[in-house]
file upload-v5.csv (CSV, C-alpha atoms and all ligand atoms)
chain,number,residue,atom,x,y,z
A,8,MET,CA,12.8,-15.0,-19.5
A,9,THR,CA,10.1,-17.6,-19.5
A,10,ALA,CA,9.4,-20.0,-16.7
A,11,SER,CA,10.9,-22.9,-18.6
A,12,THR,CA,14.3,-21.4,-18.9
A,13,ARG,CA,14.6,-20.7,-15.2
A,14,LEU,CA,16.4,-22.7,-12.6
A,15,PRO,CA,14.3,-25.4,-11.0
A,16,SER,CA,14.6,-23.6,-7.7
A,17,PHE,CA,12.6,-20.7,-9.1
A,18,SER,CA,9.7,-22.9,-10.2
A,19,ALA,CA,9.5,-24.5,-6.7
A,20,PHE,CA,9.5,-21.0,-5.2
A,21,ALA,CA,7.0,-19.8,-7.7
A,22,GLU,CA,4.7,-22.7,-6.9
A,23,GLN,CA,4.8,-21.9,-3.2
A,24,VAL,CA,4.0,-18.3,-3.9
A,25,SER,CA,1.2,-19.2,-6.2
A,26,SER,CA,-0.6,-21.4,-3.7
A,27,ALA,CA,-0.1,-18.7,-1.0
A,28,VAL,CA,-1.6,-16.2,-3.3
A,29,ASP,CA,-4.6,-18.4,-4.0
A,30,ASP,CA,-5.1,-19.1,-0.3
A,31,ALA,CA,-4.9,-15.3,0.5
A,32,ARG,CA,-7.4,-14.6,-2.3
A,33,ARG,CA,-9.8,-17.1,-0.8
A,34,ARG,CA,-9.5,-15.6,2.6
A,35,ILE,CA,-9.9,-12.1,1.2
A,36,ASP,CA,-13.1,-13.1,-0.6
A,37,ALA,CA,-14.6,-14.8,2.4
A,38,ALA,CA,-13.8,-11.7,4.6
A,39,ARG,CA,-15.4,-9.5,1.9
A,40,GLN,CA,-18.6,-11.5,2.0
A,41,ARG,CA,-18.7,-11.3,5.8
A,42,GLY,CA,-18.0,-7.6,5.9
A,43,GLY,CA,-20.8,-6.7,3.4
A,44,HIS,CA,-19.2,-3.5,2.2
A,45,GLY,CA,-19.3,-4.7,-1.4
A,46,GLN,CA,-15.9,-3.4,-2.3
A,47,ASP,CA,-13.4,-4.9,-4.7
A,48,VAL,CA,-10.1,-5.8,-3.0
A,49,THR,CA,-6.7,-5.5,-4.6
A,50,LEU,CA,-3.9,-7.7,-3.3
A,51,ILE,CA,-0.6,-5.9,-3.1
A,52,ALA,CA,2.4,-8.3,-2.8
A,53,VAL,CA,4.9,-6.7,-0.5
A,54,THR,CA,8.3,-7.7,-1.8
A,55,LYS,CA,10.6,-5.6,0.4
A,56,THR,CA,13.8,-7.4,1.4
A,57,HIS,CA,13.1,-10.1,-1.2
A,58,GLY,CA,14.8,-10.2,-4.6
A,59,PRO,CA,13.3,-9.6,-8.1
A,60,GLU,CA,12.3,-13.2,-8.2
A,61,ALA,CA,9.6,-12.5,-5.6
A,62,VAL,CA,8.1,-9.9,-8.0
A,63,GLU,CA,8.3,-12.4,-10.9
A,64,ALA,CA,6.7,-15.2,-8.8
A,65,ALA,CA,3.9,-12.9,-7.7
A,66,ALA,CA,3.3,-11.8,-11.2
A,67,ALA,CA,3.2,-15.4,-12.4
A,68,ALA,CA,0.5,-16.0,-9.8
A,69,GLY,CA,-1.6,-13.3,-11.3
A,70,VAL,CA,-0.7,-10.5,-8.9
A,71,ARG,CA,-0.5,-7.1,-10.7
A,72,ASP,CA,0.5,-4.9,-7.7
A,73,VAL,CA,3.7,-4.9,-5.7
A,74,GLY,CA,4.6,-2.9,-2.6
A,75,GLU,CA,8.0,-1.6,-1.5
A,76,ASN,CA,9.2,0.3,1.5
A,77,ARG,CA,12.2,2.1,0.1
A,78,VAL,CA,12.7,4.0,-3.0
A,79,GLN,CA,16.2,2.8,-3.8
A,80,GLU,CA,15.5,-0.8,-3.2
A,81,ALA,CA,12.4,-0.6,-5.4
A,82,GLU,CA,14.3,1.1,-8.2
A,83,ALA,CA,17.0,-1.6,-8.2
A,84,LYS,CA,14.3,-4.3,-8.3
A,85,ARG,CA,12.3,-2.6,-10.9
A,86,ALA,CA,15.3,-2.5,-13.2
A,87,ALA,CA,15.7,-6.3,-12.8
A,88,VAL,CA,12.1,-7.2,-13.3
A,89,SER,CA,10.4,-7.8,-16.6
A,90,ALA,CA,6.9,-8.5,-15.3
A,91,ASP,CA,4.4,-5.7,-16.0
A,92,VAL,CA,3.2,-4.7,-12.5
A,93,ARG,CA,2.2,-1.5,-10.7
A,94,TRP,CA,4.6,-0.3,-8.0
A,95,HIS,CA,3.3,1.0,-4.7
A,96,LEU,CA,5.4,2.9,-2.2
A,97,ILE,CA,4.2,1.9,1.2
A,98,GLY,CA,7.0,3.0,3.5
A,99,HIS,CA,7.9,6.4,5.1
A,100,LEU,CA,9.2,8.7,2.5
A,101,GLN,CA,11.9,11.3,3.1
A,102,ARG,CA,11.5,14.6,1.3
A,103,ASN,CA,14.8,14.4,-0.5
A,104,LYS,CA,13.5,11.3,-2.3
A,105,ALA,CA,10.3,13.0,-3.5
A,106,GLN,CA,11.6,13.2,-7.1
A,107,ALA,CA,12.3,9.4,-7.3
A,108,ALA,CA,9.1,8.6,-5.5
A,109,ALA,CA,7.0,10.4,-8.1
A,110,GLY,CA,7.6,7.4,-10.4
A,111,PHE,CA,5.6,5.0,-8.3
A,112,ASN,CA,2.1,4.2,-9.4
A,113,LEU,CA,0.7,5.0,-6.0
A,114,ILE,CA,2.4,6.5,-2.9
A,115,HIS,CA,0.6,5.2,0.2
A,116,SER,CA,2.6,7.1,2.7
A,117,LEU,CA,1.8,10.8,2.4
A,118,ASP,CA,2.2,11.5,6.1
A,119,SER,CA,2.8,15.3,6.5
A,120,GLU,CA,2.2,18.6,4.9
A,121,ARG,CA,5.9,19.2,4.3
A,122,LEU,CA,6.1,16.0,2.4
A,123,ALA,CA,3.1,17.0,0.3
A,124,VAL,CA,4.7,20.3,-0.6
A,125,ALA,CA,8.0,18.5,-1.6
A,126,LEU,CA,6.1,15.9,-3.7
A,127,HIS,CA,4.1,18.6,-5.3
A,128,SER,CA,7.2,20.4,-6.5
A,129,ALA,CA,8.7,17.2,-7.8
A,130,ALA,CA,5.4,16.5,-9.6
A,131,LEU,CA,5.5,20.0,-11.2
A,132,GLN,CA,9.1,19.6,-12.3
A,133,LEU,CA,8.3,16.2,-13.9
A,134,GLU,CA,5.0,17.7,-15.3
A,135,ARG,CA,3.0,14.8,-14.1
A,136,ALA,CA,0.2,14.0,-11.7
A,137,VAL,CA,1.2,12.0,-8.7
A,138,PRO,CA,-1.4,9.7,-7.0
A,139,VAL,CA,-1.2,9.6,-3.3
A,140,LEU,CA,-2.9,8.2,-0.2
A,141,LEU,CA,-3.0,10.1,3.0
A,142,GLN,CA,-1.5,8.0,5.8
A,143,VAL,CA,-3.6,8.3,8.9
A,144,ASN,CA,-2.2,7.3,12.3
A,145,VAL,CA,-5.6,6.2,13.7
A,146,SER,CA,-4.2,4.4,16.8
A,147,GLY,CA,-2.1,7.4,17.8
A,148,GLU,CA,1.0,5.3,18.5
A,149,ALA,CA,4.1,7.5,18.7
A,150,SER,CA,6.1,5.1,16.7
A,151,LYS,CA,3.8,5.4,13.7
A,152,PHE,CA,3.9,8.0,10.9
A,153,GLY,CA,0.8,9.7,9.6
A,154,VAL,CA,-1.6,12.5,10.4
A,155,THR,CA,-4.1,12.1,13.2
A,156,MET,CA,-7.8,11.7,12.4
A,157,ALA,CA,-8.4,15.2,13.7
A,158,GLU,CA,-6.0,16.5,11.0
A,159,VAL,CA,-7.5,14.7,8.0
A,160,GLU,CA,-10.0,17.3,7.1
A,161,ALA,CA,-7.4,20.1,7.1
A,162,MET,CA,-5.0,18.0,5.1
A,163,ALA,CA,-7.7,17.2,2.6
A,164,GLN,CA,-8.5,20.9,2.2
A,165,ARG,CA,-4.7,21.8,1.9
A,166,LEU,CA,-4.3,19.2,-0.9
A,167,HIS,CA,-6.7,21.2,-3.1
A,168,GLU,CA,-3.9,23.8,-3.2
A,169,LEU,CA,-1.4,21.2,-4.5
A,170,PRO,CA,-3.2,20.1,-7.6
A,171,GLN,CA,-0.4,17.9,-9.1
A,172,LEU,CA,-1.1,15.5,-6.2
A,173,GLN,CA,-4.2,13.3,-6.7
A,174,LEU,CA,-5.6,12.2,-3.4
A,175,HIS,CA,-7.0,8.7,-4.1
A,176,GLY,CA,-7.7,7.7,-0.5
A,177,VAL,CA,-6.4,6.7,2.9
A,178,MET,CA,-3.8,4.3,4.3
A,179,THR,CA,-3.4,3.0,7.8
A,180,MET,CA,-1.4,0.5,9.8
A,181,ALA,CA,-2.8,-1.2,12.9
A,182,PRO,CA,-0.7,-1.7,16.0
A,183,TYR,CA,1.3,-5.0,15.8
A,184,ASP,CA,-0.4,-7.8,17.6
A,185,ALA,CA,-3.5,-5.8,18.4
A,186,ASP,CA,-6.6,-7.6,19.6
A,187,GLU,CA,-9.7,-7.7,17.4
A,188,VAL,CA,-11.5,-4.9,19.1
A,189,THR,CA,-8.5,-2.6,18.6
A,190,LEU,CA,-8.1,-3.7,15.0
A,191,ARG,CA,-11.8,-2.9,14.3
A,192,ALA,CA,-11.5,0.5,16.0
A,193,VAL,CA,-8.4,1.4,13.9
A,194,PHE,CA,-9.8,0.1,10.6
A,195,SER,CA,-13.2,1.7,11.0
A,196,GLY,CA,-11.4,4.9,11.9
A,197,ALA,CA,-9.6,4.8,8.6
A,198,ARG,CA,-12.9,4.2,6.8
A,199,ARG,CA,-14.3,7.3,8.5
A,200,SER,CA,-11.2,9.2,7.5
A,201,LEU,CA,-11.8,8.2,3.9
A,202,ALA,CA,-15.4,9.6,4.2
A,203,THR,CA,-13.9,12.8,5.5
A,204,VAL,CA,-11.6,13.1,2.5
A,205,ARG,CA,-14.5,12.5,0.1
A,206,ALA,CA,-16.7,15.0,1.9
A,207,ALA,CA,-13.8,17.5,1.4
A,208,GLY,CA,-14.3,17.1,-2.3
A,209,HIS,CA,-11.7,14.5,-3.4
A,210,ASP,CA,-12.6,11.6,-5.7
A,211,ALA,CA,-11.1,9.2,-3.2
A,212,ARG,CA,-11.9,5.5,-3.1
A,213,VAL,CA,-8.9,3.6,-1.9
A,214,LEU,CA,-8.7,2.2,1.6
A,215,SER,CA,-5.3,0.6,2.0
A,216,MET,CA,-5.2,-1.4,5.2
A,217,GLY,CA,-4.4,-4.9,6.3
A,218,MET,CA,-1.2,-6.9,6.5
A,219,SER,CA,-0.4,-10.6,6.9
A,220,GLY,CA,-1.6,-10.7,10.5
A,221,ASP,CA,-4.8,-8.6,10.3
A,222,PHE,CA,-6.0,-8.4,6.6
A,223,GLU,CA,-9.2,-10.4,7.2
A,224,VAL,CA,-10.4,-7.9,9.8
A,225,ALA,CA,-9.3,-5.1,7.5
A,226,VAL,CA,-11.3,-6.4,4.6
A,227,GLU,CA,-14.3,-7.0,6.8
A,228,GLU,CA,-14.0,-3.3,7.7
A,229,GLY,CA,-13.9,-2.2,4.0
A,230,ALA,CA,-10.3,-2.4,2.9
A,231,THR,CA,-9.9,-2.0,-0.9
A,232,HIS,CA,-6.2,-2.7,-0.9
A,233,VAL,CA,-4.4,-5.2,1.4
A,234,ARG,CA,-0.6,-5.3,1.7
A,235,LEU,CA,0.7,-8.8,2.2
A,236,GLY,CA,4.4,-9.8,2.6
A,237,THR,CA,5.0,-12.6,5.1
A,238,ILE,CA,2.1,-14.9,4.2
A,239,LEU,CA,3.2,-14.9,0.5
A,240,PHE,CA,7.0,-15.0,0.7
A,241,GLY,CA,7.8,-16.2,4.3
A,242,SER,CA,9.4,-14.2,7.0
A,243,ARG,CA,11.9,-11.5,6.2
A,244,ALA,CA,15.5,-11.7,7.4
A,245,ALA,CA,16.0,-9.4,10.3
A,301,LIG,C1,6.1,-4.7,5.5
A,301,LIG,C2,4.8,-4.0,5.4
A,301,LIG,C3,3.7,-4.7,5.0
A,301,LIG,C4,3.7,-6.2,4.9
A,301,LIG,O1,3.7,-6.8,6.2
A,301,LIG,P1,3.5,-8.4,6.4
A,301,LIG,O2,3.2,-8.5,7.8
A,301,LIG,O3,4.8,-9.0,6.0
A,301,LIG,O4,2.4,-8.8,5.5
A,301,LIG,C5,2.5,-4.0,4.8
A,301,LIG,N1,2.5,-2.6,4.9
A,301,LIG,C6,3.6,-1.9,5.2
A,301,LIG,C7,3.4,-0.4,5.4
A,301,LIG,C8,4.8,-2.6,5.5
A,301,LIG,O5,5.8,-1.8,5.8

call {"tool": "encode", "arguments": {"input": "upload-v5.csv", "output": "structure tokens"}}
result
Amino acid sequence: MTASTRLPSFSAFAEQVSSAVDDARRRIDAARQRGGHGQDVTLIAVTKTHGPEAVEAAAAAGVRDVGENRVQEAEAKRAAVSADVRWHLIGHLQRNKAQAAAGFNLIHSLDSERLAVALHSAALQLERAVPVLLQVNVSGEASKFGVTMAEVEAMAQRLHELPQLQLHGVMTMAPYDADEVTLRAVFSGARRSLATVRAAGHDARVLSMGMSGDFEVAVEEGATHVRLGTILFGSRAA
């Protein structure tokens, strides 16, 4: 379907999304200059709880990457979307969904050895390589998934024994509403975790961090992928 055959309400929505994307890109670029890490930054549009039209609107605005929290919601949306985008799984993954998750272009939420083993057997069955990020719980909040910074080195070594999984980098989430000092501590901790993963011999370059409320600090601290929902599509229904 082309834009001209859509309902007028879609074009109004698409225009809003497009200007929000442009604005986010400008802010990302300014933060990138301030940070001085010289990285490229990929904007991932987080479309969870929104319909397929959010994906289409983001794609129409030039976004090539979308993020979803849940495998089933993503599969339904994917079937309804014609835009050519890369699908990122950013939410906690249950082991019994490993097979379906292996179809994502990048899984950001590898958060335990048990999940790694389950994903690896799914990858073997499907005879494909599965790209993953190691989720690191830098802040140590009990409510957050992920390995601790102290566990990163051992997980990176362990992943050499699970060769169907390709470790591309690290993902983290900062505490909600954290002050800037805390944000910088969390994001620079994730950056050091990426260095640990590389020192363990993985060709890992992805640093996935930064959401609507904190992406500028994340980019200043070296984020290569930011995950933006609210500032692109508005707030999600509770
Ligand atoms: C929902 C979610 C986001 C996007 O959050 P916003 O604050 O709406 O930008 C990013 N990352 C993860 C892991 C999420 O679950």

call {"tool": "residues_near_ligand", "arguments": {"input": "upload-v5.csv", "ligand": "ligand LIG 301 (chain A)", "cutoff": "10 Å", "atoms": "all atoms listed in the file", "output": "JSON, numbers by chain"}}
result
{"A": [51, 52, 53, 54, 55, 56, 74, 75, 76, 77, 96, 97, 98, 99, 115, 116, 142, 178, 179, 180, 181, 183, 215, 216, 217, 218, 219, 220, 221, 222, 233, 234, 235, 236, 237, 238, 239, 240, 241, 242, 243]}

call {"tool": "closest_residue", "arguments": {"input": "upload-v5.csv", "among": "A:Val88, A:Ile35, A:Val24, A:Val139", "to": "Val70 (chain A)", "atoms": "only C-alpha atoms"}}
result
A:Val24

call {"tool": "closest_residue", "arguments": {"input": "upload-v5.csv", "among": "A:Leu166, A:Ala244, A:Ala230, A:Leu201", "to": "Gly45 (chain A)", "atoms": "all atoms listed in the file"}}
result
A:Ala230

call {"tool": "residues_around", "arguments": {"input": "upload-v5.csv", "residues": "Glu223 (chain A)", "least_positions_apart": "6", "cutoff": "12 Å", "atoms": "all atoms listed in the file", "output": "PDB file with C-alpha atoms, keeping the file's coordinate frame"}}
result
ATOM      1  CA  ALA A  31      -4.900 -15.300   0.500  1.00  0.00           C
ATOM      2  CA  ARG A  32      -7.400 -14.600  -2.300  1.00  0.00           C
ATOM      3  CA  ARG A  33      -9.800 -17.100  -0.800  1.00  0.00           C
ATOM      4  CA  ARG A  34      -9.500 -15.600   2.600  1.00  0.00           C
ATOM      5  CA  ILE A  35      -9.900 -12.100   1.200  1.00  0.00           C
ATOM      6  CA  ASP A  36     -13.100 -13.100  -0.600  1.00  0.00           C
ATOM      7  CA  ALA A  37     -14.600 -14.800   2.400  1.00  0.00           C
ATOM      8  CA  ALA A  38     -13.800 -11.700   4.600  1.00  0.00           C
ATOM      9  CA  ARG A  39     -15.400  -9.500   1.900  1.00  0.00           C
ATOM     10  CA  GLN A  40     -18.600 -11.500   2.000  1.00  0.00           C
ATOM     11  CA  ARG A  41     -18.700 -11.300   5.800  1.00  0.00           C
ATOM     12  CA  GLY A  42     -18.000  -7.600   5.900  1.00  0.00           C
ATOM     13  CA  VAL A  48     -10.100  -5.800  -3.000  1.00  0.00           C
ATOM     14  CA  GLU A 187      -9.700  -7.700  17.400  1.00  0.00           C
ATOM     15  CA  LEU A 190      -8.100  -3.700  15.000  1.00  0.00           C
ATOM     16  CA  ARG A 191     -11.800  -2.900  14.300  1.00  0.00           C
ATOM     17  CA  PHE A 194      -9.800   0.100  10.600  1.00  0.00           C
ATOM     18  CA  MET A 216      -5.200  -1.400   5.200  1.00  0.00           C
ATOM     19  CA  GLY A 217      -4.400  -4.900   6.300  1.00  0.00           C
ATOM     20  CA  GLY A 229     -13.900  -2.200   4.000  1.00  0.00           C
ATOM     21  CA  ALA A 230     -10.300  -2.400   2.900  1.00  0.00           C
ATOM     22  CA  THR A 231      -9.900  -2.000  -0.900  1.00  0.00           C
ATOM     23  CA  HIS A 232      -6.200  -2.700  -0.900  1.00  0.00           C
ATOM     24  CA  VAL A 233      -4.400  -5.200   1.400  1.00  0.00           C
ATOM     25  CA  ARG A 234      -0.600  -5.300   1.700  1.00  0.00           C
ATOM     26  CA  LEU A 235       0.700  -8.800   2.200  1.00  0.00           C
TER      27      LEU A 235
END

call {"tool": "atom_distance", "arguments": {"input": "upload-v5.csv", "atom1": "CA of Leu133 (chain A)", "atom2": "CA of Gln79 (chain A)"}}
result
18.5 Å

call {"tool": "closest_residue", "arguments": {"input": "upload-v5.csv", "among": "A:Gln23, A:Asn112, A:Ser150, A:Asn144", "to": "His175 (chain A)", "atoms": "only C-alpha atoms"}}
result
A:Asn112

call {"tool": "residues_near_point", "arguments": {"input": "upload-v5.csv", "point": "(10.0, 15.4, -11.1)", "cutoff": "9 Å", "atoms": "all atoms listed in the file", "output": "tab-separated table (two decimals) with C-alpha atoms, in the coordinates of the input"}}
result
chain	number	residue	atom	x	y	z
A	105	ALA	CA	10.30	13.00	-3.50
A	106	GLN	CA	11.60	13.20	-7.10
A	107	ALA	CA	12.30	9.40	-7.30
A	108	ALA	CA	9.10	8.60	-5.50
A	109	ALA	CA	7.00	10.40	-8.10
A	110	GLY	CA	7.60	7.40	-10.40
A	126	LEU	CA	6.10	15.90	-3.70
A	127	HIS	CA	4.10	18.60	-5.30
A	128	SER	CA	7.20	20.40	-6.50
A	129	ALA	CA	8.70	17.20	-7.80
A	130	ALA	CA	5.40	16.50	-9.60
A	131	LEU	CA	5.50	20.00	-11.20
A	132	GLN	CA	9.10	19.60	-12.30
A	133	LEU	CA	8.30	16.20	-13.90
A	134	GLU	CA	5.00	17.70	-15.30
A	135	ARG	CA	3.00	14.80	-14.10

call {"tool": "closest_residue", "arguments": {"input": "upload-v5.csv", "among": "A:His44, A:Arg212, A:His167, A:Arg71", "to": "Val92 (chain A)", "atoms": "all atoms listed in the file"}}
result
A:Arg71

call {"tool": "atom_distance", "arguments": {"input": "upload-v5.csv", "atom1": "CA of Val154 (chain A)", "atom2": "CA of Leu140 (chain A)"}}
result
11.5 Å

call {"tool": "closest_residue", "arguments": {"input": "upload-v5.csv", "among": "A:Leu214, A:His209, A:Val78, A:Val62", "to": "Glu160 (chain A)", "atoms": "only C-alpha atoms"}}
result
A:His209

call {"tool": "atom_distance", "arguments": {"input": "upload-v5.csv", "atom1": "CA of Phe111 (chain A)", "atom2": "CA of Val224 (chain A)"}}
result
27.4 Å

call {"tool": "build_atoms", "arguments": {"input": "upload-v5.csv", "residues": "region 79-90 of chain A", "atoms": "all heavy atoms", "output": "mmCIF file, in the coordinates of the input"}}
result
data_model
loop_
_atom_site.group_PDB
_atom_site.id
_atom_site.type_symbol
_atom_site.label_atom_id
_atom_site.label_comp_id
_atom_site.auth_asym_id
_atom_site.auth_seq_id
_atom_site.Cartn_x
_atom_site.Cartn_y
_atom_site.Cartn_z
ATOM 1 N N GLN A 79 15.030 3.366 -3.097
ATOM 2 C CA GLN A 79 16.200 2.800 -3.800
ATOM 3 C C GLN A 79 16.121 1.333 -4.032
ATOM 4 O O GLN A 79 16.461 0.850 -5.104
ATOM 5 C CB GLN A 79 17.477 3.145 -2.986
ATOM 6 C CG GLN A 79 18.098 4.454 -3.432
ATOM 7 C CD GLN A 79 19.076 5.011 -2.415
ATOM 8 O OE1 GLN A 79 18.932 4.778 -1.213
ATOM 9 N NE2 GLN A 79 20.051 5.737 -2.897
ATOM 10 N N GLU A 80 15.656 0.617 -3.002
ATOM 11 C CA GLU A 80 15.500 -0.800 -3.200
ATOM 12 C C GLU A 80 14.515 -1.123 -4.303
ATOM 13 O O GLU A 80 14.737 -2.015 -5.132
ATOM 14 C CB GLU A 80 14.991 -1.451 -1.857
ATOM 15 C CG GLU A 80 14.850 -2.972 -1.932
ATOM 16 C CD GLU A 80 14.266 -3.588 -0.660
ATOM 17 O OE1 GLU A 80 14.324 -2.934 0.411
ATOM 18 O OE2 GLU A 80 13.747 -4.717 -0.742
ATOM 19 N N ALA A 81 13.435 -0.357 -4.347
ATOM 20 C CA ALA A 81 12.400 -0.600 -5.400
ATOM 21 C C ALA A 81 12.992 -0.277 -6.768
ATOM 22 O O ALA A 81 12.725 -1.017 -7.721
ATOM 23 C CB ALA A 81 11.210 0.317 -5.114
ATOM 24 N N GLU A 82 13.790 0.786 -6.881
ATOM 25 C CA GLU A 82 14.300 1.100 -8.200
ATOM 26 C C GLU A 82 15.259 0.045 -8.718
ATOM 27 O O GLU A 82 15.208 -0.312 -9.902
ATOM 28 C CB GLU A 82 15.100 2.469 -8.116
ATOM 29 C CG GLU A 82 14.164 3.669 -8.130
ATOM 30 C CD GLU A 82 14.913 4.990 -8.120
ATOM 31 O OE1 GLU A 82 16.059 5.017 -7.627
ATOM 32 O OE2 GLU A 82 14.321 5.974 -8.592
ATOM 33 N N ALA A 83 16.082 -0.491 -7.833
ATOM 34 C CA ALA A 83 17.000 -1.600 -8.200
ATOM 35 C C ALA A 83 16.208 -2.776 -8.698
ATOM 36 O O ALA A 83 16.508 -3.412 -9.719
ATOM 37 C CB ALA A 83 17.924 -1.922 -7.095
ATOM 38 N N LYS A 84 15.151 -3.105 -7.946
ATOM 39 C CA LYS A 84 14.300 -4.300 -8.300
ATOM 40 C C LYS A 84 13.603 -4.083 -9.577
ATOM 41 O O LYS A 84 13.533 -4.974 -10.410
ATOM 42 C CB LYS A 84 13.353 -4.516 -7.130
ATOM 43 C CG LYS A 84 13.142 -5.968 -6.784
ATOM 44 C CD LYS A 84 12.381 -6.112 -5.477
ATOM 45 C CE LYS A 84 13.279 -5.836 -4.269
ATOM 46 N NZ LYS A 84 12.546 -6.009 -2.995
ATOM 47 N N ARG A 85 13.077 -2.885 -9.724
ATOM 48 C CA ARG A 85 12.300 -2.600 -10.900
ATOM 49 C C ARG A 85 13.127 -2.763 -12.173
ATOM 50 O O ARG A 85 12.654 -3.267 -13.188
ATOM 51 C CB ARG A 85 11.847 -1.116 -10.790
ATOM 52 C CG ARG A 85 10.644 -0.758 -11.583
ATOM 53 C CD ARG A 85 10.139 0.596 -11.131
ATOM 54 N NE ARG A 85 9.009 0.988 -11.941
ATOM 55 C CZ ARG A 85 8.232 2.019 -11.659
ATOM 56 N NH1 ARG A 85 8.470 2.753 -10.582
ATOM 57 N NH2 ARG A 85 7.218 2.319 -12.431
ATOM 58 N N ALA A 86 14.406 -2.366 -12.086
ATOM 59 C CA ALA A 86 15.300 -2.500 -13.200
ATOM 60 C C ALA A 86 15.572 -3.966 -13.564
ATOM 61 O O ALA A 86 15.911 -4.303 -14.701
ATOM 62 C CB ALA A 86 16.612 -1.773 -12.956
ATOM 63 N N ALA A 87 15.406 -4.842 -12.575
ATOM 64 C CA ALA A 87 15.700 -6.300 -12.800
ATOM 65 C C ALA A 87 14.508 -7.112 -13.089
ATOM 66 O O ALA A 87 14.629 -8.324 -13.262
ATOM 67 C CB ALA A 87 16.428 -6.802 -11.523
ATOM 68 N N VAL A 88 13.349 -6.487 -13.152
ATOM 69 C CA VAL A 88 12.100 -7.200 -13.300
ATOM 70 C C VAL A 88 11.490 -6.937 -14.670
ATOM 71 O O VAL A 88 11.449 -5.784 -15.096
ATOM 72 C CB VAL A 88 11.108 -6.790 -12.192
ATOM 73 C CG1 VAL A 88 9.692 -7.187 -12.540
ATOM 74 C CG2 VAL A 88 11.513 -7.404 -10.855
ATOM 75 N N SER A 89 11.026 -7.992 -15.340
ATOM 76 C CA SER A 89 10.400 -7.800 -16.600
ATOM 77 C C SER A 89 8.872 -7.790 -16.547
ATOM 78 O O SER A 89 8.191 -7.305 -17.444
ATOM 79 C CB SER A 89 10.879 -8.781 -17.663
ATOM 80 O OG SER A 89 10.608 -10.075 -17.178
ATOM 81 N N ALA A 90 8.346 -8.360 -15.466
ATOM 82 C CA ALA A 90 6.900 -8.500 -15.300
ATOM 83 C C ALA A 90 6.258 -7.060 -15.304
ATOM 84 O O ALA A 90 6.836 -6.111 -14.778
ATOM 85 C CB ALA A 90 6.533 -9.206 -14.056
#
